[in-house]
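Next comes final_27.cif, with mmCIF, C-alpha atoms and all ligand atoms.
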data_query
#
loop_
_atom_site.group_PDB
_atom_site.id
_atom_site.type_symbol
_atom_site.label_atom_id
_atom_site.label_comp_id
_atom_site.auth_asym_id
_atom_site.auth_seq_id
_atom_site.Cartn_x
_atom_site.Cartn_y
_atom_site.Cartn_z
ATOM 1 C CA MET A 1 28.677 24.025 32.617
ATOM 2 C CA MET A 2 32.226 25.258 33.394
ATOM 3 C CA ASP A 3 33.343 28.002 35.762
ATOM 4 C CA SER A 4 35.779 30.773 34.834
ATOM 5 C CA GLU A 5 38.749 28.433 35.440
ATOM 6 C CA GLY A 6 37.390 25.772 33.160
ATOM 7 C CA GLN A 7 36.269 23.554 36.070
ATOM 8 C CA PRO A 8 32.701 22.169 36.178
ATOM 9 C CA ALA A 9 30.492 24.719 37.991
ATOM 10 C CA VAL A 10 29.270 23.530 41.402
ATOM 11 C CA ASP A 11 26.389 25.239 43.223
ATOM 12 C CA THR A 12 26.971 24.542 46.922
ATOM 13 C CA THR A 13 23.699 26.227 47.935
ATOM 14 C CA VAL A 14 21.397 23.744 46.179
ATOM 15 C CA PRO A 15 21.451 20.065 47.215
ATOM 16 C CA SER A 16 22.325 17.583 44.490
ATOM 17 C CA PRO A 17 21.135 13.970 44.165
ATOM 18 C CA ALA A 18 24.683 12.795 43.446
ATOM 19 C CA ARG A 19 26.110 14.423 46.578
ATOM 20 C CA ILE A 20 23.185 13.341 48.807
ATOM 21 C CA TYR A 21 23.675 9.746 47.619
ATOM 22 C CA ASP A 22 27.411 10.055 48.282
ATOM 23 C CA TYR A 23 26.635 11.147 51.859
ATOM 24 C CA ALA A 24 24.201 8.206 52.269
ATOM 25 C CA LEU A 25 27.019 5.855 51.213
ATOM 26 C CA GLY A 26 29.426 7.409 53.735
ATOM 27 C CA GLY A 27 31.397 9.407 51.131
ATOM 28 C CA ALA A 28 33.072 12.790 51.615
ATOM 29 C CA GLN A 29 32.093 14.553 48.360
ATOM 30 C CA ASN A 30 29.110 16.458 49.750
ATOM 31 C CA PHE A 31 28.275 19.828 51.302
ATOM 32 C CA ALA A 32 26.287 20.982 54.339
ATOM 33 C CA VAL A 33 23.230 21.597 52.165
ATOM 34 C CA ASP A 34 23.239 17.932 51.014
ATOM 35 C CA ARG A 35 23.757 16.570 54.534
ATOM 36 C CA ALA A 36 20.922 18.746 55.872
ATOM 37 C CA VAL A 37 18.443 17.265 53.359
ATOM 38 C CA LEU A 38 19.483 13.681 54.045
ATOM 39 C CA ASP A 39 19.371 14.254 57.811
ATOM 40 C CA GLN A 40 15.804 15.609 57.459
ATOM 41 C CA ILE A 41 14.822 12.598 55.335
ATOM 42 C CA THR A 42 16.387 10.241 57.902
ATOM 43 C CA GLU A 43 14.135 11.722 60.566
ATOM 44 C CA ILE A 44 11.134 10.916 58.392
ATOM 45 C CA PHE A 45 12.419 7.492 57.287
ATOM 46 C CA PRO A 46 15.059 6.153 59.698
ATOM 47 C CA SER A 47 16.266 3.326 57.382
ATOM 48 C CA THR A 48 17.548 5.974 54.965
ATOM 49 C CA PRO A 49 21.087 4.675 54.261
ATOM 50 C CA GLN A 50 19.687 1.238 53.330
ATOM 51 C CA PRO A 51 18.285 2.298 49.926
ATOM 52 C CA ALA A 52 21.734 3.483 48.811
ATOM 53 C CA ARG A 53 23.519 0.383 50.169
ATOM 54 C CA ASP A 54 21.004 -2.112 48.754
ATOM 55 C CA ASN A 55 21.214 -0.362 45.389
ATOM 56 C CA ARG A 56 25.012 -0.475 45.267
ATOM 57 C CA ASP A 57 24.931 -4.186 46.178
ATOM 58 C CA PHE A 58 22.386 -4.775 43.400
ATOM 59 C CA LEU A 59 24.557 -2.803 40.955
ATOM 60 C CA ARG A 60 27.614 -4.972 41.726
ATOM 61 C CA ARG A 61 25.622 -8.235 41.373
ATOM 62 C CA ALA A 62 23.988 -7.077 38.138
ATOM 63 C CA VAL A 63 27.327 -6.006 36.594
ATOM 64 C CA ARG A 64 28.798 -9.424 37.491
ATOM 65 C CA PHE A 65 25.658 -11.095 36.060
ATOM 66 C CA CYS A 66 26.191 -9.256 32.761
ATOM 67 C CA GLY A 67 29.926 -10.021 32.757
ATOM 68 C CA GLU A 68 29.244 -13.725 33.273
ATOM 69 C CA ARG A 69 27.046 -13.590 30.162
ATOM 70 C CA GLY A 70 29.852 -12.182 28.050
ATOM 71 C CA ILE A 71 29.071 -8.468 28.315
ATOM 72 C CA GLY A 72 32.239 -6.394 28.256
ATOM 73 C CA ARG A 73 30.747 -2.978 27.426
ATOM 74 C CA PHE A 74 28.811 -0.822 29.854
ATOM 75 C CA LEU A 75 27.015 2.505 29.437
ATOM 76 C CA ASP A 76 26.324 3.759 32.971
ATOM 77 C CA LEU A 77 23.693 6.527 32.856
ATOM 78 C CA GLY A 78 23.434 8.581 36.070
ATOM 79 C CA SER A 79 26.649 6.971 37.308
ATOM 80 C CA GLY A 80 27.033 9.142 40.416
ATOM 81 C CA ILE A 81 30.108 10.228 42.359
ATOM 82 C CA PRO A 82 32.750 7.494 42.134
ATOM 83 C CA THR A 83 32.743 5.294 45.236
ATOM 84 C CA VAL A 84 34.064 1.820 46.063
ATOM 85 C CA ASP A 85 33.528 -0.896 43.449
ATOM 86 C CA ASN A 86 32.740 1.355 40.517
ATOM 87 C CA VAL A 87 31.355 -0.363 37.432
ATOM 88 C CA HIS A 88 34.710 -0.515 35.603
ATOM 89 C CA GLU A 89 36.390 -2.017 38.698
ATOM 90 C CA VAL A 90 33.754 -4.749 39.064
ATOM 91 C CA ALA A 91 33.657 -5.471 35.316
ATOM 92 C CA GLN A 92 37.425 -5.388 34.803
ATOM 93 C CA LYS A 93 37.988 -7.797 37.707
ATOM 94 C CA ARG A 94 36.419 -10.437 35.495
ATOM 95 C CA ASP A 95 37.445 -9.085 32.098
ATOM 96 C CA PRO A 96 40.398 -6.653 32.093
ATOM 97 C CA ALA A 97 39.363 -5.535 28.595
ATOM 98 C CA ALA A 98 35.873 -4.440 29.749
ATOM 99 C CA ARG A 99 34.957 -0.878 28.737
ATOM 100 C CA VAL A 100 32.706 1.573 30.559
ATOM 101 C CA VAL A 101 31.322 4.975 29.568
ATOM 102 C CA TYR A 102 29.982 6.855 32.577
ATOM 103 C CA VAL A 103 27.403 9.622 32.091
ATOM 104 C CA ASP A 104 26.238 12.025 34.780
ATOM 105 C CA ASN A 105 25.009 15.610 34.631
ATOM 106 C CA ASP A 106 26.368 16.469 38.077
ATOM 107 C CA PRO A 107 29.598 18.522 38.021
ATOM 108 C CA VAL A 108 30.981 16.988 41.233
ATOM 109 C CA ALA A 109 30.372 13.457 39.931
ATOM 110 C CA ALA A 110 32.055 14.437 36.661
ATOM 111 C CA ALA A 111 35.047 16.148 38.306
ATOM 112 C CA HIS A 112 35.758 13.157 40.555
ATOM 113 C CA ALA A 113 35.352 10.714 37.724
ATOM 114 C CA TYR A 114 37.728 12.703 35.471
ATOM 115 C CA ARG A 115 40.315 12.631 38.266
ATOM 116 C CA LEU A 116 39.784 8.942 39.112
ATOM 117 C CA LEU A 117 39.701 7.743 35.525
ATOM 118 C CA GLY A 118 42.766 9.603 34.265
ATOM 119 C CA GLY A 119 44.968 6.840 32.909
ATOM 120 C CA VAL A 120 42.443 4.050 33.574
ATOM 121 C CA HIS A 121 42.192 1.895 30.506
ATOM 122 C CA GLY A 122 38.707 1.445 29.076
ATOM 123 C CA ALA A 123 36.782 3.896 31.293
ATOM 124 C CA THR A 124 35.541 7.357 30.281
ATOM 125 C CA MET A 125 33.276 10.013 31.802
ATOM 126 C CA LEU A 126 30.814 12.271 29.972
ATOM 127 C CA GLN A 127 29.184 15.136 31.865
ATOM 128 C CA GLN A 128 25.844 15.181 30.083
ATOM 129 C CA ASP A 129 22.122 14.882 30.621
ATOM 130 C CA MET A 130 21.036 11.332 29.805
ATOM 131 C CA ARG A 131 17.668 12.701 28.642
ATOM 132 C CA ASP A 132 19.464 14.140 25.575
ATOM 133 C CA THR A 133 19.411 10.703 24.023
ATOM 134 C CA GLU A 134 20.409 11.745 20.496
ATOM 135 C CA GLN A 135 23.366 13.691 21.789
ATOM 136 C CA ILE A 136 24.530 10.892 24.111
ATOM 137 C CA LEU A 137 24.185 8.218 21.451
ATOM 138 C CA ALA A 138 26.153 10.359 18.979
ATOM 139 C CA GLN A 139 29.180 10.795 21.289
ATOM 140 C CA PRO A 140 32.279 9.090 19.833
ATOM 141 C CA GLU A 141 32.876 7.235 23.138
ATOM 142 C CA VAL A 142 29.331 5.836 23.052
ATOM 143 C CA ARG A 143 29.460 5.114 19.314
ATOM 144 C CA SER A 144 32.592 3.074 19.837
ATOM 145 C CA LEU A 145 30.722 0.948 22.438
ATOM 146 C CA LEU A 146 27.801 0.372 20.085
ATOM 147 C CA ASP A 147 29.034 0.522 16.517
ATOM 148 C CA ASP A 148 30.230 -3.012 15.977
ATOM 149 C CA GLN A 149 27.038 -4.581 17.346
ATOM 150 C CA GLU A 150 28.619 -6.375 20.339
ATOM 151 C CA PRO A 151 26.068 -6.626 23.187
ATOM 152 C CA VAL A 152 26.239 -3.956 25.887
ATOM 153 C CA ALA A 153 24.755 -3.335 29.307
ATOM 154 C CA VAL A 154 22.980 -0.011 29.764
ATOM 155 C CA LEU A 155 22.725 0.915 33.444
ATOM 156 C CA MET A 156 20.069 3.196 34.925
ATOM 157 C CA VAL A 157 20.568 2.414 38.586
ATOM 158 C CA ALA A 158 18.846 4.637 41.152
ATOM 159 C CA MET A 159 18.330 7.314 38.516
ATOM 160 C CA ALA A 160 15.076 6.705 36.578
ATOM 161 C CA HIS A 161 13.025 8.362 39.338
ATOM 162 C CA TYR A 162 14.595 11.643 38.181
ATOM 163 C CA LEU A 163 12.707 11.227 34.892
ATOM 164 C CA LYS A 164 9.452 13.127 35.244
ATOM 165 C CA ASP A 165 6.390 12.161 33.215
ATOM 166 C CA ALA A 166 6.925 15.403 31.256
ATOM 167 C CA ASP A 167 10.378 14.089 30.213
ATOM 168 C CA ASP A 168 8.602 11.156 28.513
ATOM 169 C CA PRO A 169 10.541 8.316 30.180
ATOM 170 C CA ILE A 170 9.142 5.731 27.737
ATOM 171 C CA LYS A 171 10.622 7.708 24.836
ATOM 172 C CA ILE A 172 13.985 7.978 26.646
ATOM 173 C CA LEU A 173 14.179 4.271 27.543
ATOM 174 C CA SER A 174 13.026 3.320 24.043
ATOM 175 C CA ALA A 175 15.760 5.439 22.439
ATOM 176 C CA TYR A 176 18.424 3.558 24.399
ATOM 177 C CA ARG A 177 16.712 0.226 23.721
ATOM 178 C CA GLU A 178 16.730 0.870 19.975
ATOM 179 C CA ALA A 179 20.490 1.504 20.088
ATOM 180 C CA MET A 180 21.226 -1.721 22.017
ATOM 181 C CA PRO A 181 22.615 -4.578 19.899
ATOM 182 C CA PRO A 182 20.991 -8.038 20.243
ATOM 183 C CA GLY A 183 21.970 -9.857 23.460
ATOM 184 C CA SER A 184 22.240 -6.600 25.460
ATOM 185 C CA TYR A 185 20.892 -5.949 28.960
ATOM 186 C CA LEU A 186 19.291 -3.044 30.798
ATOM 187 C CA VAL A 187 20.117 -2.791 34.526
ATOM 188 C CA PHE A 188 17.433 -0.714 36.220
ATOM 189 C CA SER A 189 16.332 0.464 39.650
ATOM 190 C CA HIS A 190 13.779 3.078 40.667
ATOM 191 C CA MET A 191 12.447 4.485 43.933
ATOM 192 C CA THR A 192 8.958 3.611 45.150
ATOM 193 C CA GLY A 193 6.565 4.577 47.926
ATOM 194 C CA ASP A 194 4.592 1.304 47.755
ATOM 195 C CA ASP A 195 5.432 -0.018 51.227
ATOM 196 C CA PHE A 196 5.676 3.262 53.150
ATOM 197 C CA PRO A 197 3.414 5.662 51.240
ATOM 198 C CA GLU A 198 3.089 8.432 53.827
ATOM 199 C CA GLN A 199 6.749 8.517 54.899
ATOM 200 C CA LEU A 200 8.017 8.367 51.328
ATOM 201 C CA ALA A 201 5.632 11.077 50.124
ATOM 202 C CA GLN A 202 6.918 13.293 52.930
ATOM 203 C CA ALA A 203 10.556 12.403 52.213
ATOM 204 C CA VAL A 204 10.172 13.188 48.506
ATOM 205 C CA GLU A 205 8.387 16.451 49.297
ATOM 206 C CA THR A 206 11.338 17.411 51.544
ATOM 207 C CA PHE A 207 13.832 16.481 48.834
ATOM 208 C CA ASN A 208 11.961 18.236 46.016
ATOM 209 C CA ALA A 209 11.438 21.429 48.045
ATOM 210 C CA ASP A 210 15.182 22.149 47.930
ATOM 211 C CA ALA A 211 16.225 20.375 44.723
ATOM 212 C CA SER A 212 16.565 22.158 41.389
ATOM 213 C CA ASP A 213 13.793 21.798 38.778
ATOM 214 C CA ASN A 214 15.987 19.317 36.909
ATOM 215 C CA ASP A 215 16.417 17.068 39.934
ATOM 216 C CA GLN A 216 12.814 16.635 41.079
ATOM 217 C CA MET A 217 12.110 13.053 42.112
ATOM 218 C CA VAL A 218 9.037 10.970 41.180
ATOM 219 C CA LEU A 219 7.927 7.849 43.080
ATOM 220 C CA ARG A 220 6.427 5.105 40.914
ATOM 221 C CA SER A 221 4.589 1.980 42.031
ATOM 222 C CA HIS A 222 5.564 -1.560 41.075
ATOM 223 C CA ALA A 223 2.835 -1.587 38.402
ATOM 224 C CA GLU A 224 3.994 1.775 36.989
ATOM 225 C CA GLN A 225 7.640 0.700 36.824
ATOM 226 C CA GLN A 226 6.718 -2.620 35.216
ATOM 227 C CA GLU A 227 4.590 -0.740 32.680
ATOM 228 C CA LEU A 228 7.447 1.713 31.987
ATOM 229 C CA LEU A 229 9.838 -1.153 31.220
ATOM 230 C CA GLU A 230 7.340 -3.101 29.132
ATOM 231 C CA ALA A 231 6.095 -0.078 27.181
ATOM 232 C CA SER A 232 9.731 0.829 26.433
ATOM 233 C CA GLY A 233 10.237 -2.596 24.845
ATOM 234 C CA PHE A 234 12.083 -4.496 27.589
ATOM 235 C CA ALA A 235 11.472 -8.077 28.745
ATOM 236 C CA LEU A 236 12.496 -8.773 32.355
ATOM 237 C CA VAL A 237 14.846 -11.621 33.195
ATOM 238 C CA ASP A 238 14.139 -13.699 36.331
ATOM 239 C CA PRO A 239 13.207 -12.815 39.035
ATOM 240 C CA GLY A 240 11.614 -9.754 37.384
ATOM 241 C CA LEU A 241 11.099 -6.405 39.102
ATOM 242 C CA THR A 242 11.756 -6.891 42.816
ATOM 243 C CA TYR A 243 13.406 -5.319 45.863
ATOM 244 C CA PRO A 244 17.122 -4.777 45.141
ATOM 245 C CA ALA A 245 18.198 -7.178 47.913
ATOM 246 C CA CYS A 246 15.918 -9.882 46.443
ATOM 247 C CA TRP A 247 17.386 -9.679 42.946
ATOM 248 C CA ARG A 248 19.505 -12.848 42.721
ATOM 249 C CA PRO A 249 20.975 -12.518 46.241
ATOM 250 C CA GLN A 250 24.236 -14.358 46.706
ATOM 251 C CA THR A 251 23.958 -14.792 50.443
ATOM 252 C CA THR A 252 21.022 -15.323 52.788
ATOM 253 C CA LEU A 253 19.674 -11.992 54.015
ATOM 254 C CA ASN A 254 20.084 -11.226 57.720
ATOM 255 C CA VAL A 255 16.786 -11.564 59.575
ATOM 256 C CA ASP A 256 16.970 -7.867 60.475
ATOM 257 C CA HIS A 257 17.472 -6.814 56.830
ATOM 258 C CA ASP A 258 13.975 -5.968 55.584
ATOM 259 C CA PRO A 259 14.275 -5.627 51.766
ATOM 260 C CA ARG A 260 11.218 -3.356 51.687
ATOM 261 C CA ASN A 261 13.241 -0.673 53.512
ATOM 262 C CA ALA A 262 15.188 -0.105 50.290
ATOM 263 C CA THR A 263 12.093 1.710 48.950
ATOM 264 C CA PHE A 264 13.279 0.693 45.483
ATOM 265 C CA TYR A 265 12.557 -1.927 42.882
ATOM 266 C CA ALA A 266 15.289 -3.337 40.682
ATOM 267 C CA ALA A 267 15.382 -5.400 37.504
ATOM 268 C CA VAL A 268 17.567 -6.612 34.669
ATOM 269 C CA ALA A 269 15.914 -6.779 31.256
ATOM 270 C CA HIS A 270 16.545 -7.682 27.630
ATOM 271 C CA PRO A 271 15.579 -5.389 24.784
ATOM 272 C CA ARG A 272 12.757 -6.974 22.795
ATOM 273 C CA ARG A 273 13.642 -7.069 19.131
ATOM 274 C CA HIS A 274 12.056 -4.308 17.084
HETATM 275 N N1 LIG B 1 23.899 4.970 39.523
HETATM 276 C C1 LIG B 1 24.657 5.276 40.700
HETATM 277 C C2 LIG B 1 24.431 4.213 41.730
HETATM 278 O O1 LIG B 1 23.447 3.490 41.632
HETATM 279 O O2 LIG B 1 25.231 4.106 42.660
HETATM 280 C C3 LIG B 1 24.321 6.670 41.256
HETATM 281 C C4 LIG B 1 22.880 6.875 41.644
HETATM 282 S S1 LIG B 1 22.530 8.497 42.271
HETATM 283 C C5 LIG B 1 21.200 8.209 43.348
HETATM 284 C C6 LIG B 1 21.649 9.200 40.859
HETATM 285 C C7 LIG B 1 22.576 9.848 39.877
HETATM 286 O O3 LIG B 1 21.843 10.147 38.688
HETATM 287 C C8 LIG B 1 23.148 11.176 40.382
HETATM 288 O O4 LIG B 1 24.543 11.144 40.294
HETATM 289 C C9 LIG B 1 22.548 12.214 39.462
HETATM 290 O O5 LIG B 1 23.416 13.303 39.231
HETATM 291 C C10 LIG B 1 22.309 11.389 38.204
HETATM 292 N N2 LIG B 1 21.280 11.943 37.314
HETATM 293 C C11 LIG B 1 20.015 12.307 37.626
HETATM 294 N N3 LIG B 1 19.374 12.771 36.535
HETATM 295 C C12 LIG B 1 20.273 12.692 35.511
HETATM 296 C C13 LIG B 1 20.213 13.037 34.131
HETATM 297 N N4 LIG B 1 19.097 13.532 33.599
HETATM 298 N N5 LIG B 1 21.303 12.832 33.360
HETATM 299 C C14 LIG B 1 22.455 12.326 33.898
HETATM 300 N N6 LIG B 1 22.572 11.994 35.205
HETATM 301 C C15 LIG B 1 21.495 12.169 36.000
#

Show me the file's structure as structure tokens.
Ligand code: SAM
Amino acid sequence: MMDSEGQPAVDTTVPSPARIYDYALGGAQNFAVDRAVLDQITEIFPSTPQPARDNRDFLRRAVRFCGERGIGRFLDLGSGIPTVDNVHEVAQKRDPAARVVYVDNDPVAAAHAYRLLGGVHGATMLQQDMRDTEQILAQPEVRSLLDDQEPVAVLMVAMAHYLKDADDPIKILSAYREAMPPGSYLVFSHMTGDDFPEQLAQAVETFNADASDNDQMVLRSHAEQQELLEASGFALVDPGLTYPACWRPQTTLNVDHDPRNATFYAAVAHPRRH
């Protein structure tokens, strides 16, 4: 949605997942309403910045993993407000010709990406709802990633918990899977309450109380996330669905870094052939 000056409309009275996540990562693209929600959640769950940091570290490792396997095309769904080491920066470090299409429905994420990506070769932003799968897959920028059947990586990092059961997440993931050429990868992470059920239930209740209907968050267990991926036609690569910090770590974890505090699971998967 655009405002009267043709800029994306921003509601500064309702917290947004993109801006809350930006605050958790130490960014400056957030408002008092976003900081208030995260501060409340931090009181409930004091390790709160760790989920965002562990996820970003997982995202970087997974993008490098895909790049090392010859993937040079990335569709980043729920890409967030640009921060350090964005997907195109990580991918283009290895392959300067790598191409990325970012998709986010948040106007602040979109506005910053438009500004950051102006003049950047191979990287584009679409302000759209990733649940509109037909519309996303029909965009010329996305078609040009997919049309000549080169493998791609589709990223849904720290965003699938915004897909409510009523959105039919299996249908959404399956639609992307069907569009993925052979040899492609899905990079996935999703919030969970498995290890801290009471605190996480309270944190999500706090978040959902202020968030818009579109941005309500759903916790899913390890078994539910595994089932979502399998039922959508994905086969997990090693080590499967695990804590983000435990997905192919490149350094030994500090003894005081408890991977469970991420309150997320992460995975990389292949589309099964249909
Ligand atoms: N993927 C990034 C990362 O891992 O650093 C950002 C994650 S942030 C927690 C979740 C992002 O998903 C937010 O920017 C939010 O606006 C976006 N998002 C949530 N639901 C969405 C939807 N239906 N369509 C597009 N973007 C969505």

Selection as a ChimeraX atom specification: residues within 7 Å of ligand LIG 1 (chain B) by only C-alpha atoms and all ligand atoms: /A:16-18,21,55-56,59,77-81,103-106,109,128-131,156-159,162-163,215

Non-local contacts of region 222-226 of chain A (9 Å; only C-alpha atoms; under 4 positions in same chain excluded) as a PyMOL selection string: chain A and resi 190+192+194+230-231+236+240-242+265

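Put simply, CA of Ala62 (chain A) is 21.1 Å away from CA of Ala113 (chain A).
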
Between CA of Asn254 (chain A) and CA of Pro239 (chain A) - distance in Å to one decimal: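 Distance between the two atoms: 20.0 Å.
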
Residue neighbourhood His161 (chain A), 7 Å, all atoms listed in the file, exclusion window fewer than 6 positions, as a list in words: His190, Met191, Met217, Val218 and Leu219 of chain A

Residues in the PyMOL selection byres (((chain A and resi 175) around 10) and not hetatm), expressed as a list in words: Arg131, Asp132, Thr133, Glu134, Leu137, Pro169, Ile170, Lys171, Ile172, Leu173, Ser174, Tyr176, Arg177, Glu178, Ala179, Met180 and Ser232 of chain A

Save the residues we just selected, C-alpha atoms, as a CSV table (one decimal), in the coordinates of the input?
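Output saved as result_8.csv:
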chain,number,residue,atom,x,y,z
A,131,ARG,CA,17.7,12.7,28.6
A,132,ASP,CA,19.5,14.1,25.6
A,133,THR,CA,19.4,10.7,24.0
A,134,GLU,CA,20.4,11.7,20.5
A,137,LEU,CA,24.2,8.2,21.5
A,169,PRO,CA,10.5,8.3,30.2
A,170,ILE,CA,9.1,5.7,27.7
A,171,LYS,CA,10.6,7.7,24.8
A,172,ILE,CA,14.0,8.0,26.6
A,173,LEU,CA,14.2,4.3,27.5
A,174,SER,CA,13.0,3.3,24.0
A,176,TYR,CA,18.4,3.6,24.4
A,177,ARG,CA,16.7,0.2,23.7
A,178,GLU,CA,16.7,0.9,20.0
A,179,ALA,CA,20.5,1.5,20.1
A,180,MET,CA,21.2,-1.7,22.0
A,232,SER,CA,9.7,0.8,26.4

Test item: residues at most 7 Å from Gln50 (chain A), only C-alpha atoms, excluding those fewer than 3 positions along its chain, as a ChimeraX atom specification: /A:47,53-54,261-262

Contacts of Val268 (chain A) at 7 Å (only C-alpha atoms; same-chain gap of 4+ positions) as JSON, numbers by chain: {"A": [185, 186, 187, 188, 236, 237]}

Which residue of A:Ile136, A:Leu117, A:Ala111, A:Ala203 approaches Val10 (chain A) most closely, using only C-alpha atoms: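 Smallest distance to Val10 (chain A) is found for A:Ala111.
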
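We find CA of Ala209 (chain A) and CA of Gly26 (chain A) to be spaced 23.5 Å apart.
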
From A:Asp39, A:Asp147, A:Asp85, A:Asp256, residue lying nearest Ile20 (chain A) [all atoms listed in the file]: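 Closest candidate: A:Asp39.
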
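Of the listed residues (A:Lys164, A:Arg248, A:Arg94, A:His257), A:Lys164 comes nearest to Asn214 (chain A); the distances count all atoms listed in the file.
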